[in-house]
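Worksheet for the structure shown next.
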Amino acid sequence: MPFGNTHNQLSAEDEFPDLSQHNNHMAKFLTQDMYKKLRERATPNGFTIDGVIQTGVDNPGHPFIMTVGCVAGDEETYEVFKELLDPVIEDRHGGYKPTDKHKTDLNPDNLKGGDDLDPNYVLSSRVRTGRSIRGFCLPPHCSRGERRAVEKLSIEALASLSGDLKGKYYALKNMTDAEQQQLIDDHFLFDKPVSPLLLASGMARDWPDARGIWHNDNKTFLVWVNEEDHLRVISMQKGGNMKEVFNRFCTGLTKIESLFKDRGHAFMWNEHLGYVLTCPSNLGTGLRAGVHVKLPNMSKHAKFEEVLKRLRLQKRGTGGVDTAAVGGVFDISNADRLGFSEVELVQMVVDGIKLLIEMEKKLEKGQSIDDLMPCPEKL
Amino acid sequence: MASSFTRLISGRNTAVLLASLGAGTMATGFLLSENSSLAAEAKKKLYPPSSDYPDLRKHNNCMASALTPAIYAKLRDKLTPNNWTLDQCIQTGVDNPGHPFIKTVGCVAGDEESYEVFADLFDPVIKDRHNGYDPRTMIHPTDLDSSKLTHGMFDENYVLSSRVRTGRSIRGLSLPPACSRAERREVERVVVTALAGLKGDLAGRYYSLGEMTEQEQQQLIDDHFLFDKPVSPLLTSAFMARDWPDARGIWHNNEKTFLIWVNEEDHTRVISMEKGGNMKRVFERFCRGLKQVEHLIQERGWEFMWNEHLGYILTCPSNLGTGLRAGVHVRLPKLSKDPRFSKILDNLRLQKRGTGGVDTAATGDTFDISNNDRLGKSEVELVQLVVDGVNYLIECEKRLEKGQDIKVPAPIPQFKK
C-alpha cells in the first residue's frame, strides 16, 4: 500500500494483525515480536511492514491453497524485512536458505532436446518470466511518475528490437476497439486485476495509466508493462517446439537487458535471490515454462498427482492460474522458481512432458504405466 | 486521550533515489531519522508534481472537476499530522472515472485535518457537491432539538417505514481510509464502551463482525442490519476495507429501533428506524440517542469531530454538515407514473432510491424518498423538509386517486440568508 502508518505512538501489540483465521506464508511466520521489530523500519522509499503484509492480512487464504501473503514494494524490501521474508522464501521455495546462491543460466544451447514434443498432444508451448527495473519502486508502492518512467523506458527499449523480434506497443488507455479485440483474440490482453490478492496490495492503483502490451509482429514474443510486475516477458507458439520458444525467450531477454543497460538501467538481480520481483513466489528465475497438453487418460489416473510431484511439475487449467482444465487439456509447468537455473527448469518441463506423453500413450493402449514411474522427488 | 497523536515522519517522502546514485547496490533500510528528508528532497526533484499528475481526461467526478496541475503541485508534498497525502485522498477518484450521468465525489479525507491541509481541493469539491456552499465563509447550523419538528406523523396507508441516519467520527483518530489497526480498534473500544452505558429503550448489545455466531449473523441479516465487506470499488480504492473484519461490528438496542455500525465507511453510522410513519418518534430517538452517546464519550475525554464551517466531519465530503439522510419507504403507485414526479421531487429537494438503498431500483410502487442535502441546513430543517415533502407527495397521490390534478410546488431555496 502506498502509505505507512506503523510509526505512530500506538503499541505493536495494539497494531498486530489478527491472523488466527489465516493460512498463508506470511501468517505462518509473522510473530508479534517480529512485527514489533520490523515496524520500526522503512525501506529508503518509505515502504513499511504494513505495506508488505496488507495483502496477507486482507486475504486469509484457503485451507488447501497456501498463498504467499506478502509483497515487496521495492528491491530493498527483501533486505530490510528479511526476518519475515527469509522464512517465507525458505518455506515457499523448498528449503532455500538465506545463505544459498541462485544460478542464472539463459544460454539456450544448454537445453537438451525439447524441439520435438509430440504435437498430437502438445497444443502450445510457452515460457514466461518477469523483470524489474532497478531504481524504481514495484507495483504495490510506485507513484504514477515512476510507473510512467518504467513504461517510457520499456517502450524505448522495445522499439529497438529488430528482426523477428520487431514489434509494437499498445498502451492500455489508448488502444482502439479494433486493437483491443485483436489482442483479446490473440489471448494477449491483460485486464485490471480482479483478484483480491492483487487488489489488496495496491497494484491496481491508477489503472490503466502507464500499462500496456508490446508484442512482435509474429505474435511469438510478448511483454506486459506494469501489470503485476514492471515487465512480464512471454515467449510462446503453437505446437511442441519448446526449444525454439526458449531460444527466442533467452535471445529476447538478453537483448532487452542490454537495451536497458544502454540507457543506464539494470534489472533488479542479486546472487542470492536471482531476479527480484514483486511476489516472493517469483524470485530466482521468475520462470514458468509450460505447455497445453492433452492428457485425458493420464489425468484420470490415480497416480497423476504423484507423477507431477515427482517431476516437480504443476497442473493448471488452460485459463491459467486458478482455472480448471477443459476437455482433458492441461497447462503443465515447472513448480519451482528459485534455486534452479532457467535451463534446468525448462529441462524439467521438456523431460517431464515427454514422460507424461509416453504414459498417456500407454494408457490409451490399455497398458500399465508402473514401469515408467519417475523416481521419488529428489530434495 | 483525545488529543491527536504525533507521528514520526515516514511514508513515501523518505526516499533515497538509488537510480541517481547509479551504483545498483542494495542499501539496507535505516531506522527513521532526519537523514531521510535529504533523500526525500532528491526524489522530489527527480519526480516533479507534473510527472505524477493523474490522467483525468475520461473522468467525471467532483475531484476531477476541481483538481488542476497548479493545485496538485502545491499540495502533493504536504502531509497531514497523520502523514496522509493528497494522492491518498484522490486515489478513489483516479481509480473510478465515474459515470456520465452520476457524478461521484472522487476524494476522501484520511483525518479531520485533511479538509484543512488540502482545502484548495476540498473547498471547491464541497462547493460543487453542496450547492455552492462555501466552507471559508459560511456557517453550518447544527440543531438536534427534535421538539421543533411538526407534522411528523405520516399516513400509514402510504408510508411503510421511517428512518434517519447519520455518521459520527471520533476526534483524534484517523478515518477509515487512513486508520491503522490500532486506531480502528480504539474507535471500536471507545464507541462500544459508550454504548454499553445506554439505558431504557436505548439499552442494547454489540456484535463484533469477526466474532458473531452463525445464528446471530442470520438474525442480523433477517433484521436487515448486517453490513458486509464493501465491494464497491469506490470504497475499496479508498483503502476502507483493509484488515476486514477486524474491529468492525454492529450495535443495536433490544427494540431494534436504534442501530450503530462501527468502522464501516465511517467511524460510526447511527440509524434510528421503525416500521410505520412516526417520523417524529424516529427523529426524537435519533437526537436523544446521539446526545447520550456524545455525553458518554465526553465523560471519558473524547469528542466528535465537528467545526462550525463543516459541521460533523465524515470520511466522504458528501456527508459533511449533518451527514443526515432522513427517509421513508412510501407507496406512490399513481404519482410515480406521473411525468411530473421527478420535477416535484427536485423542487422539494428530495431524491428517490429503490428500497434496497443507494444504487438500487424500486420494486413495485414503493420508493425510498429522502433529502438530497446534507450541509448548510440543520438536522431539524432537513427532517422537516422531508416531512413536509413526503406529506405533499401523499397529498398528490390522494388527489390522483380521486382523479384530481396536482401541482408542481415552487422550488425550495438552498441556504438561509
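Each chain of the C-alpha cells is named A, B, ... in the order shown, its residues numbered from 1; ligands are numbered from 1 in display order.
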Distance query His215 of chain A at most 7 Å, only C-alpha atoms, self and fewer than 5 positions along chain excluded, as a list in words: Gly167, Lys168, Tyr169, Phe221, Leu222 and Val223 of chain A
Could you write out that same residue set with N, CA, C and O atoms as a PDB file, in the first residue's frame?
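Below is the file out.pdb, written as the result:
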```pdb
ATOM      1  N   GLY A 167       8.454  -5.235 -33.171  1.00  0.00           N
ATOM      2  CA  GLY A 167       7.044  -5.238 -32.801  1.00  0.00           C
ATOM      3  C   GLY A 167       6.484  -3.870 -32.493  1.00  0.00           C
ATOM      4  O   GLY A 167       7.042  -2.856 -32.907  1.00  0.00           O
ATOM      5  N   LYS A 168       5.395  -3.865 -31.733  1.00  0.00           N
ATOM      6  CA  LYS A 168       4.640  -2.634 -31.494  1.00  0.00           C
ATOM      7  C   LYS A 168       4.060  -2.613 -30.079  1.00  0.00           C
ATOM      8  O   LYS A 168       3.699  -3.655 -29.527  1.00  0.00           O
ATOM      9  N   TYR A 169       3.954  -1.392 -29.533  1.00  0.00           N
ATOM     10  CA  TYR A 169       3.423  -1.222 -28.176  1.00  0.00           C
ATOM     11  C   TYR A 169       1.994  -0.704 -28.221  1.00  0.00           C
ATOM     12  O   TYR A 169       1.677   0.196 -29.005  1.00  0.00           O
ATOM     13  N   PHE A 221       6.363 -13.222 -29.228  1.00  0.00           N
ATOM     14  CA  PHE A 221       7.125 -12.644 -28.113  1.00  0.00           C
ATOM     15  C   PHE A 221       6.347 -11.445 -27.600  1.00  0.00           C
ATOM     16  O   PHE A 221       6.028 -10.524 -28.345  1.00  0.00           O
ATOM     17  N   LEU A 222       6.040 -11.479 -26.321  1.00  0.00           N
ATOM     18  CA  LEU A 222       5.057 -10.553 -25.756  1.00  0.00           C
ATOM     19  C   LEU A 222       5.587  -9.988 -24.446  1.00  0.00           C
ATOM     20  O   LEU A 222       6.178 -10.724 -23.651  1.00  0.00           O
ATOM     21  N   VAL A 223       5.400  -8.696 -24.247  1.00  0.00           N
ATOM     22  CA  VAL A 223       5.829  -8.091 -22.975  1.00  0.00           C
ATOM     23  C   VAL A 223       4.658  -7.325 -22.374  1.00  0.00           C
ATOM     24  O   VAL A 223       4.048  -6.499 -23.044  1.00  0.00           O
TER      25      VAL A 223
END
```
Those in segment 244-368 of chain A with strand (DSSP E or B) from DSSP, as a PyMOL selection string: chain A and resi 267+269-270+274-275+284+288-294+313-317+320+326+329-334
Grab the residues selected above and save them as an mmCIF file, in the first residue's frame with N, CA and C atoms.
```cif
data_model
loop_
_atom_site.group_PDB
_atom_site.id
_atom_site.type_symbol
_atom_site.label_atom_id
_atom_site.label_comp_id
_atom_site.auth_asym_id
_atom_site.auth_seq_id
_atom_site.Cartn_x
_atom_site.Cartn_y
_atom_site.Cartn_z
ATOM 1 N N PHE A 267 18.492 -4.548 -14.543
ATOM 2 C CA PHE A 267 17.398 -5.284 -13.910
ATOM 3 C C PHE A 267 17.759 -5.521 -12.456
ATOM 4 N N TRP A 269 18.608 -7.659 -9.649
ATOM 5 C CA TRP A 269 19.135 -9.024 -9.546
ATOM 6 C C TRP A 269 20.196 -9.059 -8.482
ATOM 7 N N ASN A 270 20.282 -10.164 -7.746
ATOM 8 C CA ASN A 270 21.444 -10.394 -6.895
ATOM 9 C C ASN A 270 21.723 -11.887 -6.816
ATOM 10 N N GLY A 274 18.476 -14.035 -7.138
ATOM 11 C CA GLY A 274 18.276 -14.013 -8.582
ATOM 12 C C GLY A 274 17.516 -12.757 -8.973
ATOM 13 N N TYR A 275 16.570 -12.896 -9.927
ATOM 14 C CA TYR A 275 15.802 -11.727 -10.355
ATOM 15 C C TYR A 275 14.760 -11.386 -9.295
ATOM 16 N N GLY A 284 14.141 -15.557 -8.157
ATOM 17 C CA GLY A 284 15.044 -16.525 -8.772
ATOM 18 C C GLY A 284 15.007 -16.381 -10.273
ATOM 19 N N ARG A 288 8.177 -19.567 -15.549
ATOM 20 C CA ARG A 288 7.192 -20.633 -15.663
ATOM 21 C C ARG A 288 7.210 -21.062 -17.131
ATOM 22 N N ALA A 289 7.689 -22.275 -17.329
ATOM 23 C CA ALA A 289 7.708 -22.842 -18.680
ATOM 24 C C ALA A 289 6.622 -23.897 -18.712
ATOM 25 N N GLY A 290 5.773 -23.824 -19.700
ATOM 26 C CA GLY A 290 4.676 -24.784 -19.694
ATOM 27 C C GLY A 290 4.129 -25.074 -21.062
ATOM 28 N N VAL A 291 3.306 -26.100 -21.095
ATOM 29 C CA VAL A 291 2.629 -26.484 -22.329
ATOM 30 C C VAL A 291 1.152 -26.676 -22.047
ATOM 31 N N HIS A 292 0.344 -26.514 -23.097
ATOM 32 C CA HIS A 292 -1.033 -27.001 -23.062
ATOM 33 C C HIS A 292 -0.997 -28.376 -23.690
ATOM 34 N N VAL A 293 -1.349 -29.387 -22.912
ATOM 35 C CA VAL A 293 -1.147 -30.779 -23.364
ATOM 36 C C VAL A 293 -2.394 -31.601 -23.083
ATOM 37 N N LYS A 294 -2.718 -32.471 -24.046
ATOM 38 C CA LYS A 294 -3.904 -33.322 -23.913
ATOM 39 C C LYS A 294 -3.518 -34.590 -23.151
ATOM 40 N N LEU A 313 6.497 -30.784 -11.315
ATOM 41 C CA LEU A 313 5.629 -30.044 -12.212
ATOM 42 C C LEU A 313 4.312 -29.730 -11.502
ATOM 43 N N GLN A 314 3.591 -28.751 -12.038
ATOM 44 C CA GLN A 314 2.264 -28.461 -11.506
ATOM 45 C C GLN A 314 1.282 -28.372 -12.655
ATOM 46 N N LYS A 315 0.000 -28.594 -12.346
ATOM 47 C CA LYS A 315 -1.023 -28.501 -13.384
ATOM 48 C C LYS A 315 -1.939 -27.315 -13.095
ATOM 49 N N ARG A 316 -2.430 -26.723 -14.171
ATOM 50 C CA ARG A 316 -3.427 -25.667 -14.074
ATOM 51 C C ARG A 316 -4.424 -25.878 -15.196
ATOM 52 N N GLY A 317 -5.562 -25.214 -15.103
ATOM 53 C CA GLY A 317 -6.499 -25.205 -16.217
ATOM 54 C C GLY A 317 -5.946 -24.346 -17.338
ATOM 55 N N GLY A 320 -5.143 -20.549 -17.155
ATOM 56 C CA GLY A 320 -4.064 -20.042 -16.312
ATOM 57 C C GLY A 320 -4.322 -20.347 -14.844
ATOM 58 N N VAL A 326 -10.118 -27.998 -19.187
ATOM 59 C CA VAL A 326 -11.278 -28.192 -20.060
ATOM 60 C C VAL A 326 -10.950 -29.266 -21.070
ATOM 61 N N VAL A 329 -7.482 -31.157 -21.390
ATOM 62 C CA VAL A 329 -6.295 -30.375 -21.749
ATOM 63 C C VAL A 329 -5.807 -29.622 -20.516
ATOM 64 N N PHE A 330 -4.554 -29.829 -20.188
ATOM 65 C CA PHE A 330 -3.973 -29.200 -19.003
ATOM 66 C C PHE A 330 -2.825 -28.278 -19.362
ATOM 67 N N ASP A 331 -2.638 -27.328 -18.515
ATOM 68 C CA ASP A 331 -1.466 -26.463 -18.554
ATOM 69 C C ASP A 331 -0.497 -27.105 -17.562
ATOM 70 N N ILE A 332 0.612 -27.661 -18.038
ATOM 71 C CA ILE A 332 1.592 -28.294 -17.152
ATOM 72 C C ILE A 332 2.866 -27.462 -17.188
ATOM 73 N N SER A 333 3.381 -27.109 -16.024
ATOM 74 C CA SER A 333 4.567 -26.253 -15.981
ATOM 75 C C SER A 333 5.426 -26.617 -14.774
ATOM 76 N N ASN A 334 6.613 -25.998 -14.706
ATOM 77 C CA ASN A 334 7.505 -26.236 -13.568
ATOM 78 C C ASN A 334 6.905 -25.639 -12.297
#
```
Every residue of segment 248-375 of chain B that DSSP places in helix (DSSP H, G or I), as an MDAnalysis selection string: chainID B and resid 279:298 317:319 335:337 341:347
Suppose we keep C-alpha atoms; can you now write the selection as a PDB file, in the first residue's frame?
```pdb
ATOM      1  CA  MET B 279     -41.053  10.122  11.830  1.00  0.00           C
ATOM      2  CA  LYS B 280     -41.425  12.362  14.872  1.00  0.00           C
ATOM      3  CA  ARG B 281     -40.641   9.483  17.200  1.00  0.00           C
ATOM      4  CA  VAL B 282     -37.824   8.237  14.954  1.00  0.00           C
ATOM      5  CA  PHE B 283     -36.223  11.679  14.982  1.00  0.00           C
ATOM      6  CA  GLU B 284     -36.758  12.127  18.717  1.00  0.00           C
ATOM      7  CA  ARG B 285     -34.972   8.868  19.413  1.00  0.00           C
ATOM      8  CA  PHE B 286     -32.251   9.794  16.917  1.00  0.00           C
ATOM      9  CA  CYS B 287     -31.494  13.086  18.647  1.00  0.00           C
ATOM     10  CA  ARG B 288     -31.727  11.663  22.147  1.00  0.00           C
ATOM     11  CA  GLY B 289     -29.524   8.690  21.288  1.00  0.00           C
ATOM     12  CA  LEU B 290     -26.893  10.856  19.618  1.00  0.00           C
ATOM     13  CA  LYS B 291     -26.765  13.255  22.529  1.00  0.00           C
ATOM     14  CA  GLN B 292     -26.438  10.448  25.027  1.00  0.00           C
ATOM     15  CA  VAL B 293     -23.645   8.774  23.093  1.00  0.00           C
ATOM     16  CA  GLU B 294     -21.864  12.104  22.831  1.00  0.00           C
ATOM     17  CA  HIS B 295     -22.191  12.622  26.549  1.00  0.00           C
ATOM     18  CA  LEU B 296     -20.901   9.128  27.283  1.00  0.00           C
ATOM     19  CA  ILE B 297     -17.753   9.570  25.181  1.00  0.00           C
ATOM     20  CA  GLN B 298     -17.144  13.030  26.622  1.00  0.00           C
ATOM     21  CA  PRO B 317     -17.213  15.133   1.643  1.00  0.00           C
ATOM     22  CA  SER B 318     -20.776  14.296   0.552  1.00  0.00           C
ATOM     23  CA  ASN B 319     -21.660  13.549   4.172  1.00  0.00           C
ATOM     24  CA  LEU B 335     -47.645   9.649  -8.590  1.00  0.00           C
ATOM     25  CA  SER B 336     -44.580   7.620  -9.558  1.00  0.00           C
ATOM     26  CA  LYS B 337     -46.050   7.159 -13.023  1.00  0.00           C
ATOM     27  CA  PHE B 341     -42.781  13.115 -10.447  1.00  0.00           C
ATOM     28  CA  SER B 342     -39.065  13.873 -10.910  1.00  0.00           C
ATOM     29  CA  LYS B 343     -39.631  17.606 -11.072  1.00  0.00           C
ATOM     30  CA  ILE B 344     -41.750  17.538  -7.933  1.00  0.00           C
ATOM     31  CA  LEU B 345     -39.013  15.668  -6.099  1.00  0.00           C
ATOM     32  CA  ASP B 346     -36.352  18.065  -7.371  1.00  0.00           C
ATOM     33  CA  ASN B 347     -38.261  21.121  -6.207  1.00  0.00           C
TER      34      ASN B 347
END
```
Spatial neighbours of Met175 of chain A, max dist 12 Å, only C-alpha atoms, sep filter under 6 positions, as a list in words: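 The residues that qualify are Lys168, Tyr169, Gln181, Gln182, Leu183, Leu189, Pro208, Arg211, Gly212, Ile213 and Trp214 of chain A.
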Go through chain A residue by residue and, counting only C-alpha atoms, keep those with an atom at most 6 Å from chain B; for each kept residue give the shortest atom pair and its distance in Å to one decimal, ordered by chain and increasing number, as JSON lines.
```
{"residue": "A:Phe3", "atom": "CA", "partner": "B:Gly11", "partner_atom": "CA", "distance": 5.4}
{"residue": "A:Gly4", "atom": "CA", "partner": "B:Gly11", "partner_atom": "CA", "distance": 5.1}
{"residue": "A:Asn8", "atom": "CA", "partner": "B:Arg7", "partner_atom": "CA", "distance": 4.8}
{"residue": "A:Asp14", "atom": "CA", "partner": "B:Ala182", "partner_atom": "CA", "distance": 4.8}
{"residue": "A:Glu15", "atom": "CA", "partner": "B:Ala182", "partner_atom": "CA", "distance": 4.5}
{"residue": "A:Arg41", "atom": "CA", "partner": "B:Leu31", "partner_atom": "CA", "distance": 5.2}
{"residue": "A:Ala42", "atom": "CA", "partner": "B:Gly29", "partner_atom": "CA", "distance": 5.9}
{"residue": "A:Thr43", "atom": "CA", "partner": "B:Gly29", "partner_atom": "CA", "distance": 4.6}
{"residue": "A:Pro44", "atom": "CA", "partner": "B:Ala15", "partner_atom": "CA", "distance": 4.9}
{"residue": "A:Asn45", "atom": "CA", "partner": "B:Ala15", "partner_atom": "CA", "distance": 4.1}
{"residue": "A:Gly46", "atom": "CA", "partner": "B:Arg12", "partner_atom": "CA", "distance": 4.6}
{"residue": "A:Val57", "atom": "CA", "partner": "B:Asp243", "partner_atom": "CA", "distance": 5.8}
{"residue": "A:Asp58", "atom": "CA", "partner": "B:Asp243", "partner_atom": "CA", "distance": 5.1}
{"residue": "A:Val80", "atom": "CA", "partner": "B:Gly29", "partner_atom": "CA", "distance": 5.1}
{"residue": "A:Gly135", "atom": "CA", "partner": "B:Ala19", "partner_atom": "CA", "distance": 4.5}
{"residue": "A:Arg144", "atom": "CA", "partner": "B:Asp52", "partner_atom": "CA", "distance": 5.0}
{"residue": "A:Gly145", "atom": "CA", "partner": "B:Asp52", "partner_atom": "CA", "distance": 4.3}
{"residue": "A:Asp206", "atom": "CA", "partner": "B:Asp95", "partner_atom": "CA", "distance": 5.1}
```
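The spacing separating atom CA of Thr251 of chain A from atom CA of Asn107 of chain A amounts to 8.6 Å.
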Nearby residues (only C-alpha atoms) at most 12 Å from Phe154 of chain B, same-chain spacing under 5 positions excluded, as a count of residues only: 27
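Take atom CA of Ile406 of chain B and atom CA of Leu324 of chain B: the distance between them is 29.2 Å.
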Shortest interatomic distance to Cys316 of chain B - which of B:Val187, B:Ala109, B:Met240, B:Ile260, counting only C-alpha atoms: B:Ala109
Two-atom distance - atom CA of Pro17 of chain A, atom CA of Val191 of chain B (Å):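 Answer for the atom CA of Pro17 of chain A to atom CA of Val191 of chain B separation: 20.4 Å.
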Best match for closeness to Thr67 of chain A among A:Ser299, A:Asn174, A:Asn23, A:Ser368, counting only C-alpha atoms: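 Nearest to Thr67 of chain A: A:Asn23.
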Counting only C-alpha atoms, the option among A:Ala325, A:Met348, A:Val52, A:Leu10 closest to Ala200 of chain A: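 Checking each candidate against Ala200 of chain A, we get A:Val52 as the closest.
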Which residue of A:His22, A:Arg248, A:Lys103, A:Lys37 approaches Phe81 of chain A most closely, using only C-alpha atoms: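 Using only C-alpha atoms, the shortest distance to Phe81 of chain A belongs to A:Lys37.
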